[in-house]
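Below: structure-v1.pdb (PDB, C-alpha atoms, pLDDT in the B column)
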```
ATOM      1  CA  MET A1415      84.175  87.828  77.598  1.00 64.00           C
ATOM      2  CA  PHE A1416      82.940  89.527  80.772  1.00 69.00           C
ATOM      3  CA  ARG A1417      85.590  87.799  82.887  1.00 75.00           C
ATOM      4  CA  ARG A1418      88.323  88.902  80.493  1.00 78.00           C
ATOM      5  CA  LEU A1419      87.109  92.503  80.777  1.00 81.00           C
ATOM      6  CA  ILE A1420      87.157  92.554  84.575  1.00 82.00           C
ATOM      7  CA  TYR A1421      90.367  90.519  84.926  1.00 81.00           C
ATOM      8  CA  PRO A1422      92.741  93.572  84.932  1.00 82.00           C
ATOM      9  CA  GLY A1423      90.817  94.908  87.913  1.00 86.00           C
ATOM     10  CA  TYR A1424      91.737  91.893  90.047  1.00 84.00           C
ATOM     11  CA  ALA A1425      95.341  93.055  90.486  1.00 84.00           C
ATOM     12  CA  ARG A1426      94.233  96.601  91.337  1.00 86.00           C
ATOM     13  CA  LEU A1427      91.694  95.245  93.816  1.00 86.00           C
ATOM     14  CA  THR A1428      94.221  93.056  95.633  1.00 86.00           C
ATOM     15  CA  SER A1429      96.734  95.922  95.785  1.00 84.00           C
ATOM     16  CA  ALA A1430      94.138  98.319  97.213  1.00 84.00           C
ATOM     17  CA  SER A1431      93.008  95.684  99.707  1.00 84.00           C
ATOM     18  CA  ARG A1432      96.568  95.163 100.973  1.00 83.00           C
ATOM     19  CA  LYS A1433      97.058  98.881 101.532  1.00 81.00           C
ATOM     20  CA  ALA A1434      93.685  99.322 103.240  1.00 81.00           C
ATOM     21  CA  SER A1435      94.279  96.410 105.618  1.00 81.00           C
ATOM     22  CA  ARG A1436      97.611  97.914 106.666  1.00 83.00           C
ATOM     23  CA  ARG A1437      96.328 101.429 107.250  1.00 84.00           C
ATOM     24  CA  THR A1438      93.563 100.658 109.753  1.00 82.00           C
ATOM     25  CA  SER A1439      94.076  99.360 113.293  1.00 81.00           C
ATOM     26  CA  GLU A1440      91.516  97.254 115.154  1.00 82.00           C
ATOM     27  CA  ARG A1441      90.511 100.328 117.135  1.00 82.00           C
ATOM     28  CA  GLY A1442      90.199 102.300 113.912  1.00 81.00           C
ATOM     29  CA  GLY A1443      87.975  99.625 112.404  1.00 83.00           C
ATOM     30  CA  PHE A1444      85.706  99.811 115.445  1.00 83.00           C
ATOM     31  CA  ILE A1445      85.504 103.615 115.170  1.00 82.00           C
ATOM     32  CA  ARG A1446      84.672 103.408 111.460  1.00 83.00           C
ATOM     33  CA  THR A1447      81.932 100.872 112.117  1.00 84.00           C
ATOM     34  CA  GLY A1448      80.508 103.121 114.816  1.00 81.00           C
ATOM     35  CA  ALA A1449      80.611 106.116 112.476  1.00 82.00           C
ATOM     36  CA  VAL A1450      78.717 104.262 109.751  1.00 83.00           C
ATOM     37  CA  PHE A1451      76.151 102.923 112.214  1.00 82.00           C
ATOM     38  CA  SER A1452      75.563 106.326 113.833  1.00 81.00           C
ATOM     39  CA  ALA A1453      75.278 107.952 110.394  1.00 78.00           C
ATOM     40  CA  VAL A1454      72.563 105.486 109.391  1.00 77.00           C
ATOM     41  CA  ILE A1455      70.454 105.810 112.532  1.00 78.00           C
ATOM     42  CA  GLY A1456      71.078 109.557 112.795  1.00 67.00           C
ATOM     43  CA  ILE A1457      69.687 110.544 109.399  1.00 68.00           C
ATOM     44  CA  ASP A1458      66.631 112.117 111.009  1.00 64.00           C
ATOM     45  CA  THR A1459      68.130 114.618 113.446  1.00 62.00           C
ATOM     46  CA  ASN A1460      64.707 115.285 115.000  1.00 62.00           C
ATOM     47  CA  LEU A1461      64.339 111.728 116.285  1.00 59.00           C
ATOM     48  CA  THR A1462      67.819 110.905 117.555  1.00 66.00           C
ATOM     49  CA  LEU A1463      71.068 112.478 118.675  1.00 69.00           C
ATOM     50  CA  ALA A1464      73.163 109.815 116.951  1.00 73.00           C
ATOM     51  CA  TYR A1465      74.295 112.391 114.392  1.00 71.00           C
ATOM     52  CA  GLN A1466      76.310 114.062 117.151  1.00 80.00           C
ATOM     53  CA  LEU A1467      78.161 110.802 117.761  1.00 81.00           C
ATOM     54  CA  PHE A1468      78.765 110.524 114.017  1.00 81.00           C
ATOM     55  CA  ALA A1469      80.245 114.039 113.932  1.00 83.00           C
ATOM     56  CA  LEU A1470      82.555 113.210 116.853  1.00 86.00           C
ATOM     57  CA  LEU A1471      83.771 109.941 115.333  1.00 86.00           C
ATOM     58  CA  LEU A1472      84.270 111.546 111.926  1.00 86.00           C
ATOM     59  CA  CYS A1473      86.397 114.295 113.496  1.00 88.00           C
ATOM     60  CA  MET A1474      88.521 111.666 115.240  1.00 87.00           C
ATOM     61  CA  ILE A1475      89.117 109.845 111.951  1.00 87.00           C
ATOM     62  CA  ILE A1476      90.038 113.053 110.114  1.00 88.00           C
ATOM     63  CA  LEU A1477      92.363 114.271 112.872  1.00 88.00           C
ATOM     64  CA  SER A1478      94.135 110.917 113.005  1.00 88.00           C
ATOM     65  CA  ARG A1479      94.754 111.081 109.256  1.00 86.00           C
ATOM     66  CA  ILE A1480      96.110 114.619 109.487  1.00 88.00           C
ATOM     67  CA  ALA A1481      98.422 113.706 112.383  1.00 86.00           C
ATOM     68  CA  LEU A1482     100.070 110.975 110.300  1.00 86.00           C
ATOM     69  CA  ARG A1483     101.327 113.584 107.837  1.00 84.00           C
ATOM     70  CA  TYR A1484     103.355 115.313 110.531  1.00 83.00           C
ATOM     71  CA  GLN A1485     104.572 112.365 112.604  1.00 84.00           C
ATOM     72  CA  LYS A1486     106.930 110.229 110.579  1.00 87.00           C
ATOM     73  CA  PRO A1487     109.638 108.242 112.354  1.00 91.00           C
ATOM     74  CA  GLN A1488     113.227 108.798 111.278  1.00 92.00           C
ATOM     75  CA  VAL A1489     114.632 105.314 110.909  1.00 94.00           C
ATOM     76  CA  SER A1490     116.812 103.154 108.701  1.00 94.00           C
ATOM     77  CA  LEU A1491     116.340  99.457 107.938  1.00 94.00           C
ATOM     78  CA  ARG A1492     118.546  96.511 107.093  1.00 95.00           C
ATOM     79  CA  ARG A1493     117.257  93.056 106.144  1.00 95.00           C
ATOM     80  CA  ARG A1494     119.237  89.882 106.910  1.00 95.00           C
ATOM     81  CA  LEU A1495     118.074  86.904 104.873  1.00 95.00           C
ATOM     82  CA  PRO A1496     119.380  83.335 105.125  1.00 94.00           C
ATOM     83  CA  ARG A1497     121.424  81.970 102.219  1.00 92.00           C
ATOM     84  CA  TYR A1498     118.497  79.813 101.100  1.00 93.00           C
ATOM     85  CA  ALA A1499     115.153  78.381 102.240  1.00 95.00           C
ATOM     86  CA  THR A1500     113.116  75.259 101.439  1.00 96.00           C
ATOM     87  CA  VAL A1501     109.653  75.018  99.899  1.00 94.00           C
ATOM     88  CA  GLY A1502     106.936  74.570 102.515  1.00 91.00           C
ATOM     89  CA  GLU A1503     109.243  75.029 105.515  1.00 94.00           C
ATOM     90  CA  LEU A1504     108.628  78.129 107.615  1.00 96.00           C
ATOM     91  CA  PHE A1505     111.701  80.166 108.427  1.00 96.00           C
ATOM     92  CA  ASP A1506     112.573  83.339 110.301  1.00 95.00           C
ATOM     93  CA  TYR A1507     114.846  86.198 109.403  1.00 96.00           C
ATOM     94  CA  GLN A1508     115.610  89.578 110.931  1.00 96.00           C
ATOM     95  CA  ILE A1509     115.238  93.207 109.975  1.00 96.00           C
ATOM     96  CA  SER A1510     117.268  95.723 111.975  1.00 96.00           C
ATOM     97  CA  ILE A1511     115.596  99.080 112.602  1.00 96.00           C
ATOM     98  CA  ALA A1512     117.749 102.003 113.732  1.00 95.00           C
ATOM     99  CA  ASN A1513     116.134 105.087 115.252  1.00 95.00           C
ATOM    100  CA  LEU A1514     117.846 108.141 113.773  1.00 93.00           C
ATOM    101  CA  GLY A1515     115.650 110.644 115.600  1.00 88.00           C
ATOM    102  CA  ASP A1516     115.484 112.038 119.117  1.00 88.00           C
ATOM    103  CA  GLN A1517     112.116 110.521 120.032  1.00 90.00           C
ATOM    104  CA  ILE A1518     111.300 107.080 121.360  1.00 91.00           C
ATOM    105  CA  GLU A1519     109.490 105.094 118.680  1.00 92.00           C
ATOM    106  CA  LYS A1520     106.917 102.547 119.815  1.00 91.00           C
ATOM    107  CA  ASP A1521     103.908 100.596 118.532  1.00 91.00           C
ATOM    108  CA  LEU A1522     105.518 100.284 115.114  1.00 95.00           C
ATOM    109  CA  ARG A1523     104.871  97.417 112.736  1.00 95.00           C
ATOM    110  CA  ILE A1524     106.905  96.219 109.807  1.00 96.00           C
ATOM    111  CA  VAL A1525     105.890  94.549 106.554  1.00 95.00           C
ATOM    112  CA  ASP A1526     108.426  93.058 104.162  1.00 95.00           C
ATOM    113  CA  ASN A1527     107.106  93.165 100.611  1.00 95.00           C
ATOM    114  CA  PRO A1528     107.884  90.430  98.086  1.00 95.00           C
ATOM    115  CA  ARG A1529     107.625  91.455  94.458  1.00 94.00           C
ATOM    116  CA  VAL A1530     104.034  90.585  93.581  1.00 92.00           C
ATOM    117  CA  ILE A1531     103.865  88.706  90.271  1.00 91.00           C
ATOM    118  CA  THR A1532     100.468  88.825  88.592  1.00 89.00           C
ATOM    119  CA  PRO A1533      99.514  85.891  86.325  1.00 88.00           C
ATOM    120  CA  ASP A1534      98.494  86.733  82.770  1.00 87.00           C
ATOM    121  CA  TYR A1535      94.999  85.989  81.532  1.00 86.00           C
ATOM    122  CA  GLU A1536      95.972  82.887  79.544  1.00 87.00           C
ATOM    123  CA  GLN A1537      97.520  81.322  82.627  1.00 86.00           C
ATOM    124  CA  PHE A1538      94.430  82.290  84.612  1.00 87.00           C
ATOM    125  CA  ARG A1539      92.145  80.714  82.004  1.00 84.00           C
ATOM    126  CA  ARG A1540      94.221  77.538  81.656  1.00 85.00           C
ATOM    127  CA  GLU A1541      94.997  76.564  85.259  1.00 86.00           C
ATOM    128  CA  ARG A1542      92.712  75.542  88.098  1.00 87.00           C
ATOM    129  CA  GLU A1543      92.941  76.189  91.808  1.00 87.00           C
ATOM    130  CA  PRO A1544      93.244  73.004  93.918  1.00 87.00           C
ATOM    131  CA  PHE A1545      89.775  71.861  95.037  1.00 85.00           C
ATOM    132  CA  GLU A1546      88.168  74.581  92.945  1.00 86.00           C
ATOM    133  CA  GLU A1547      85.228  72.267  92.313  1.00 85.00           C
ATOM    134  CA  THR A1548      84.186  72.689  95.962  1.00 86.00           C
ATOM    135  CA  ARG A1549      83.536  76.405  95.470  1.00 89.00           C
ATOM    136  CA  THR A1550      80.173  77.826  94.473  1.00 88.00           C
ATOM    137  CA  ALA A1551      79.256  78.181  90.805  1.00 89.00           C
ATOM    138  CA  TYR A1552      79.509  81.965  91.118  1.00 85.00           C
ATOM    139  CA  ASP A1553      83.029  81.813  92.600  1.00 85.00           C
ATOM    140  CA  ARG A1554      84.147  79.426  89.858  1.00 85.00           C
ATOM    141  CA  TRP A1555      82.723  81.716  87.172  1.00 84.00           C
ATOM    142  CA  ILE A1556      84.245  84.923  88.570  1.00 85.00           C
ATOM    143  CA  GLY A1557      87.522  83.164  89.332  1.00 86.00           C
ATOM    144  CA  PHE A1558      88.818  85.646  91.896  1.00 88.00           C
ATOM    145  CA  HIS A1559      89.934  82.894  94.291  1.00 89.00           C
ATOM    146  CA  ARG A1560      91.810  81.248  91.418  1.00 90.00           C
ATOM    147  CA  PHE A1561      93.499  84.558  90.653  1.00 90.00           C
ATOM    148  CA  MET A1562      94.573  84.961  94.292  1.00 91.00           C
ATOM    149  CA  TRP A1563      95.993  81.429  94.357  1.00 91.00           C
ATOM    150  CA  LEU A1564      97.937  81.976  91.130  1.00 91.00           C
ATOM    151  CA  GLN A1565      99.272  85.314  92.336  1.00 93.00           C
ATOM    152  CA  ARG A1566     100.499  83.817  95.619  1.00 92.00           C
ATOM    153  CA  ARG A1567     102.139  80.918  93.799  1.00 91.00           C
ATOM    154  CA  SER A1568     103.800  83.174  91.219  1.00 92.00           C
ATOM    155  CA  THR A1569     105.069  85.544  93.905  1.00 94.00           C
ATOM    156  CA  GLY A1570     106.570  82.509  95.608  1.00 93.00           C
ATOM    157  CA  ILE A1571     106.610  83.502  99.265  1.00 95.00           C
ATOM    158  CA  SER A1572     104.241  84.781 101.930  1.00 95.00           C
ATOM    159  CA  VAL A1573     105.556  87.038 104.681  1.00 96.00           C
ATOM    160  CA  LYS A1574     103.816  87.866 107.949  1.00 95.00           C
ATOM    161  CA  GLN A1575     103.553  91.339 109.396  1.00 94.00           C
ATOM    162  CA  ALA A1576     105.640  91.776 112.562  1.00 95.00           C
ATOM    163  CA  ASN A1577     105.634  94.041 115.598  1.00 95.00           C
ATOM    164  CA  VAL A1578     108.693  96.190 116.229  1.00 95.00           C
ATOM    165  CA  PRO A1579     110.027  96.474 119.802  1.00 94.00           C
ATOM    166  CA  GLU A1580     110.227  99.932 121.331  1.00 94.00           C
ATOM    167  CA  ILE A1581     113.225 101.823 119.955  1.00 94.00           C
ATOM    168  CA  HIS A1582     115.011 104.271 122.235  1.00 93.00           C
ATOM    169  CA  ARG A1583     116.622 107.452 120.960  1.00 91.00           C
ATOM    170  CA  ARG A1584     119.461 106.580 118.596  1.00 91.00           C
ATOM    171  CA  GLY A1585     118.870 102.929 119.412  1.00 94.00           C
ATOM    172  CA  THR A1586     118.597  99.826 117.239  1.00 94.00           C
ATOM    173  CA  VAL A1587     116.285  96.823 117.553  1.00 96.00           C
ATOM    174  CA  GLU A1588     115.577  93.710 115.536  1.00 95.00           C
ATOM    175  CA  ALA A1589     112.195  92.532 114.307  1.00 96.00           C
ATOM    176  CA  ARG A1590     111.722  88.830 113.640  1.00 96.00           C
ATOM    177  CA  ILE A1591     109.932  88.111 110.363  1.00 96.00           C
ATOM    178  CA  GLU A1592     108.224  84.789 109.622  1.00 97.00           C
ATOM    179  CA  ALA A1593     108.007  83.647 105.999  1.00 96.00           C
ATOM    180  CA  ASN A1594     106.681  80.643 104.114  1.00 96.00           C
ATOM    181  CA  PRO A1595     108.218  79.695 100.722  1.00 96.00           C
ATOM    182  CA  LEU A1596     105.511  78.560  98.297  1.00 94.00           C
ATOM    183  CA  ARG A1597     107.557  77.394  95.312  1.00 93.00           C
ATOM    184  CA  ARG A1598     111.128  76.610  94.366  1.00 93.00           C
ATOM    185  CA  GLY A1599     113.324  78.992  92.412  1.00 94.00           C
ATOM    186  CA  ILE A1600     114.248  82.585  93.124  1.00 95.00           C
ATOM    187  CA  VAL A1601     111.874  84.911  94.940  1.00 96.00           C
ATOM    188  CA  TYR A1602     112.364  88.649  94.979  1.00 96.00           C
ATOM    189  CA  PHE A1603     111.776  91.286  97.633  1.00 96.00           C
ATOM    190  CA  SER A1604     111.010  94.798  96.421  1.00 95.00           C
ATOM    191  CA  SER A1605     110.623  96.966  99.519  1.00 95.00           C
ATOM    192  CA  THR A1606     109.961  97.119 103.242  1.00 96.00           C
ATOM    193  CA  SER A1607     107.129  99.147 104.784  1.00 95.00           C
ATOM    194  CA  LEU A1608     107.179 100.590 108.286  1.00 96.00           C
ATOM    195  CA  LEU A1609     103.726 101.198 109.767  1.00 95.00           C
ATOM    196  CA  HIS A1610     103.539 103.979 112.347  1.00 93.00           C
ATOM    197  CA  PRO A1611     100.372 104.793 114.336  1.00 92.00           C
ATOM    198  CA  ASP A1612      98.677 108.136 114.832  1.00 90.00           C
ATOM    199  CA  PRO A1613      98.362 109.486 118.419  1.00 88.00           C
ATOM    200  CA  LEU A1614      94.830 108.058 118.731  1.00 86.00           C
ATOM    201  CA  GLY A1615      95.856 104.632 117.465  1.00 86.00           C
ATOM    202  CA  LEU A1616      93.169 104.581 114.760  1.00 88.00           C
ATOM    203  CA  ASN A1617      95.279 104.512 111.618  1.00 89.00           C
ATOM    204  CA  TYR A1618      98.763 103.650 110.475  1.00 92.00           C
ATOM    205  CA  GLY A1619     100.926 105.678 108.171  1.00 91.00           C
ATOM    206  CA  ILE A1620     102.972 103.667 105.690  1.00 92.00           C
ATOM    207  CA  LEU A1621     106.624 104.606 105.341  1.00 93.00           C
ATOM    208  CA  PRO A1622     108.117 102.726 102.346  1.00 93.00           C
ATOM    209  CA  PHE A1623     111.798 101.830 102.017  1.00 95.00           C
ATOM    210  CA  PRO A1624     113.137 100.501  98.687  1.00 95.00           C
ATOM    211  CA  ASN A1625     114.842  97.269  99.693  1.00 93.00           C
ATOM    212  CA  PRO A1626     115.424  94.958  96.685  1.00 95.00           C
ATOM    213  CA  GLU A1627     116.887  91.537  97.376  1.00 96.00           C
ATOM    214  CA  SER A1628     116.468  87.931  96.260  1.00 95.00           C
ATOM    215  CA  LEU A1629     116.376  84.548  97.960  1.00 96.00           C
ATOM    216  CA  ILE A1630     116.923  81.046  96.580  1.00 96.00           C
ATOM    217  CA  ILE A1631     114.175  78.550  97.435  1.00 95.00           C
ATOM    218  CA  LEU A1632     115.221  74.903  97.252  1.00 95.00           C
ATOM    219  CA  PRO A1633     112.853  71.988  96.560  1.00 93.00           C
ATOM    220  CA  ARG A1634     111.830  69.881  99.517  1.00 85.00           C
TER     221      ARG A1634
END
```

Re-express the file's structure as structure tokens.
Amino acid sequence: MFRRLIYPGYARLTSASRKASRRTSERGGFIRTGAVFSAVIGIDTNLTLAYQLFALLLCMIILSRIALRYQKPQVSLRRRLPRYATVGELFDYQISIANLGDQIEKDLRIVDNPRVITPDYEQFRREREPFEETRTAYDRWIGFHRFMWLQRRSTGISVKQANVPEIHRRGTVEARIEANPLRRGIVYFSSTSLLHPDPLGLNYGILPFPNPESLIILPR
């Protein structure tokens, strides 16, 4: 009963986790860790000056977030998929990014988003993750790893994040995307997200582009 109650939260948790992992750079993660650490050891302001470091790091995080609201690249995208792919065989495809603005765009990243298909509870209850018996009793009871496996399989394809080459004013570049088909049938893409950094390189803004398309996956 408890697992059925918390099951709807699994999809929300995975969605929030995807967004959070895209928004923070490695440098930003380091700054956040430093802010938390300095906040903990700087609670007593009479014994340490760590609270001053916390204030500085917090200001950097806030300013980086504010800057993202005012620095959005002006670009257009076009995906070029192959006619078909094969289960279990990695393949590459290209996304063209055109700079429509008058500024050079650099340090961008791109994420192509398949349509995430969430398994229903009956499927979750009925099926088992491969080698699930090797997990701890707690993991088997909660079943979150099983949910993740079912969601990946239902979605049908995994796509890696890619770096975008520097784009000159009014220029066009191509980003190479690597994907891995996980099942046969038709997989669907819903959108493409362009990640653009703040001036401090702590966070990424997410610029979504509706980009629906489908791809046929053949059996091996």

*Where does the PyMOL selection byres ((chain A and resi 1612-1629) around 8) land in this file, that is, which residues does it pick, as number ranges by chain?*
A: 1436-1443, 1445, 1475, 1478-1479, 1481-1483, 1485-1486, 1491, 1495-1499, 1600-1611, 1630-1631

Neighbours of region 1545-1557 of chain A within 12 Å (only C-alpha atoms; same-chain residues fewer than 5 positions away dropped), as an mmCIF file with C-alpha atoms, keeping the file's coordinate frame?
```
data_model
loop_
_atom_site.group_PDB
_atom_site.id
_atom_site.type_symbol
_atom_site.label_atom_id
_atom_site.label_comp_id
_atom_site.auth_asym_id
_atom_site.auth_seq_id
_atom_site.Cartn_x
_atom_site.Cartn_y
_atom_site.Cartn_z
ATOM 1 C CA MET A 1415 84.175 87.828 77.598
ATOM 2 C CA PHE A 1416 82.940 89.527 80.772
ATOM 3 C CA ARG A 1417 85.590 87.799 82.887
ATOM 4 C CA ARG A 1418 88.323 88.902 80.493
ATOM 5 C CA LEU A 1419 87.109 92.503 80.777
ATOM 6 C CA ILE A 1420 87.157 92.554 84.575
ATOM 7 C CA TYR A 1421 90.367 90.519 84.926
ATOM 8 C CA GLY A 1423 90.817 94.908 87.913
ATOM 9 C CA TYR A 1424 91.737 91.893 90.047
ATOM 10 C CA TYR A 1535 94.999 85.989 81.532
ATOM 11 C CA PHE A 1538 94.430 82.290 84.612
ATOM 12 C CA ARG A 1539 92.145 80.714 82.004
ATOM 13 C CA ARG A 1540 94.221 77.538 81.656
ATOM 14 C CA MET A 1562 94.573 84.961 94.292
ATOM 15 C CA TRP A 1563 95.993 81.429 94.357
ATOM 16 C CA LEU A 1564 97.937 81.976 91.130
#
```

*Work out how far CA of Ser1568 (chain A) is from CA of Phe1505 (chain A), in Å to one decimal.*
19.2 Å

For region 1417-1432 of chain A, take all atoms listed in the file, fit an axis-aligned box around them, add 4 Å to each of the six sides, then output centre and edge lengths in Å rounded to one decimal, as AutoDock Vina command-line options.
```
--center_x 91.2 --center_y 93.1 --center_z 90.7 --size_x 19.1 --size_y 18.5 --size_z 28.5
```

What's the 7 Å shell around Phe1468 (chain A), counting all atoms listed in the file, without same-chain residues fewer than 5 positions away, as a PDB file with C-alpha atoms, in the frame of the given file?
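around04.pdb, written as the output of this step:
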```
ATOM      1  CA  ALA A1449      80.611 106.116 112.476  1.00 82.00           C
ATOM      2  CA  SER A1452      75.563 106.326 113.833  1.00 81.00           C
ATOM      3  CA  ALA A1453      75.278 107.952 110.394  1.00 78.00           C
TER       4      ALA A1453
END
```

_Using only C-alpha atoms for the distances, tell me which of A:Gln1537, A:Glu1580, A:Leu1470, A:Gln1565 is nearest to Ser1429 (chain A)._
A:Gln1565

*asked:* So that I can check the surroundings of Ala1589 (chain A), please list as an NGL selection string every protein, DNA and RNA residue that reaches within 7 Å of it, counting all atoms listed in the file and ignoring chain neighbours fewer than 3 positions away.
replied: :A and (1508-1510 or 1576-1578)

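One distance worth recording is that between CA of Pro1595 (chain A) and CA of Leu1504 (chain A), which is 7.1 Å.
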
*Run the PyMOL selection byres ((chain A and resi 1579) around 12) on the file and write out the hits as a PyMOL selection string.*
chain A and resi 1509-1513+1518-1524+1576-1578+1580-1582+1585-1590

_Distance in Å - CA of Val1530 (chain A) versus CA of Gln1488 (chain A)_ =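 Spanning CA of Val1530 (chain A) to CA of Gln1488 (chain A) is a straight-line distance of 27.0 Å.
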
Going by the chain IDs and residue numbers used in this file, which residues fall under the PyMOL selection byres ((chain A and resi 1503) around 12)? Write them as a short mmCIF file (atom, residue, chain, number, x, y, z; two decimals) with C-alpha atoms, in the frame of the given file.
```
data_model
loop_
_atom_site.label_atom_id
_atom_site.label_comp_id
_atom_site.auth_asym_id
_atom_site.auth_seq_id
_atom_site.Cartn_x
_atom_site.Cartn_y
_atom_site.Cartn_z
CA TYR A 1498 118.50 79.81 101.10
CA ALA A 1499 115.15 78.38 102.24
CA THR A 1500 113.12 75.26 101.44
CA VAL A 1501 109.65 75.02 99.90
CA GLY A 1502 106.94 74.57 102.52
CA LEU A 1504 108.63 78.13 107.62
CA PHE A 1505 111.70 80.17 108.43
CA ASP A 1506 112.57 83.34 110.30
CA ILE A 1571 106.61 83.50 99.26
CA SER A 1572 104.24 84.78 101.93
CA GLU A 1592 108.22 84.79 109.62
CA ALA A 1593 108.01 83.65 106.00
CA ASN A 1594 106.68 80.64 104.11
CA PRO A 1595 108.22 79.69 100.72
CA LEU A 1596 105.51 78.56 98.30
CA ARG A 1597 107.56 77.39 95.31
CA ARG A 1598 111.13 76.61 94.37
CA ILE A 1631 114.18 78.55 97.44
CA LEU A 1632 115.22 74.90 97.25
CA PRO A 1633 112.85 71.99 96.56
CA ARG A 1634 111.83 69.88 99.52
#
```

*For Pro1533 (chain A), which of A:Arg1583, A:Ala1425, A:Ile1480, A:Arg1432 is the closest residue, counting all atoms listed in the file?*
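Under the stated criterion, the closest residue is A:Ala1425.
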